[in-house]
Amino acid sequence: MTTATDALQNVLAAGGLAPEESATVAIRGNDPILPTDFQIGAATAASITAVGIAANDVWTQRGGAN
């Protein structure tokens, strides 16, 4: 079973971001959150977290404090 952190590392790598940045966040909770064969909790958590990491990178590149 893929964890949300594993999924996050894959999403970051696919988006051209450093997978190591996944160490800067903590994703809590486990699937299944709904009775389904798909790991929608991990996928949702990974994608929302990746957006936050990407937004932080843009903020830092524009001169914001990290």
# chains A, B, ... in the order shown; residues from 1 in each chain; ligands from 1
call {"tool": "residues_around", "arguments": {"residues": "segment 45-52 of chain A", "least_positions_apart": "5", "cutoff": "10 Å", "atoms": "only C-alpha atoms", "output": "ChimeraX atom specification"}}
result
/A:3-12,15,17,19,21-22,25-29,40,57-58
call {"tool": "select_by_dssp", "arguments": {"residues": "chain A", "states": "helix (DSSP H, G or I)", "output": "PyMOL selection string"}}
result
chain A and resi 4-14+19-24+40-61
call {"tool": "write_last_selection", "arguments": {"atoms": "C-alpha atoms", "output": "short mmCIF file (atom, residue, chain, number, x, y, z; two decimals), in the first residue's frame"}}
result
data_model
loop_
_atom_site.label_atom_id
_atom_site.label_comp_id
_atom_site.auth_asym_id
_atom_site.auth_seq_id
_atom_site.Cartn_x
_atom_site.Cartn_y
_atom_site.Cartn_z
CA ALA A 4 0.44 9.61 1.37
CA THR A 5 4.10 10.56 1.81
CA ASP A 6 5.17 8.13 -0.94
CA ALA A 7 2.48 9.54 -3.21
CA LEU A 8 3.65 13.08 -2.39
CA GLN A 9 7.23 12.23 -3.37
CA ASN A 10 5.97 10.87 -6.70
CA VAL A 11 3.84 13.96 -7.35
CA LEU A 12 6.71 16.31 -6.50
CA ALA A 13 9.11 14.43 -8.80
CA ALA A 14 6.56 14.47 -11.63
CA PRO A 19 11.02 14.92 -3.61
CA GLU A 20 13.11 15.68 -0.51
CA GLU A 21 10.76 18.59 0.21
CA SER A 22 8.24 16.02 1.40
CA ALA A 23 10.30 15.86 4.60
CA THR A 24 9.17 19.41 5.44
CA ILE A 40 -8.33 8.53 -2.51
CA GLY A 41 -7.20 9.85 0.86
CA ALA A 42 -3.52 9.46 0.01
CA ALA A 43 -4.01 10.89 -3.47
CA THR A 44 -5.93 13.89 -2.17
CA ALA A 45 -3.50 14.60 0.66
CA ALA A 46 -0.49 14.30 -1.67
CA SER A 47 -1.92 16.62 -4.33
CA ILE A 48 -3.03 19.31 -1.86
CA THR A 49 0.32 19.16 -0.05
CA ALA A 50 2.22 19.39 -3.35
CA VAL A 51 0.30 22.57 -4.21
CA GLY A 52 1.31 24.04 -0.85
CA ILE A 53 4.97 23.15 -1.40
CA ALA A 54 4.89 24.63 -4.92
CA ALA A 55 3.27 27.82 -3.63
CA ASN A 56 5.99 28.10 -0.98
CA ASP A 57 8.65 27.71 -3.69
CA VAL A 58 7.08 30.52 -5.75
CA TRP A 59 6.86 32.70 -2.63
CA THR A 60 10.54 32.07 -1.85
CA GLN A 61 11.62 32.77 -5.44
#
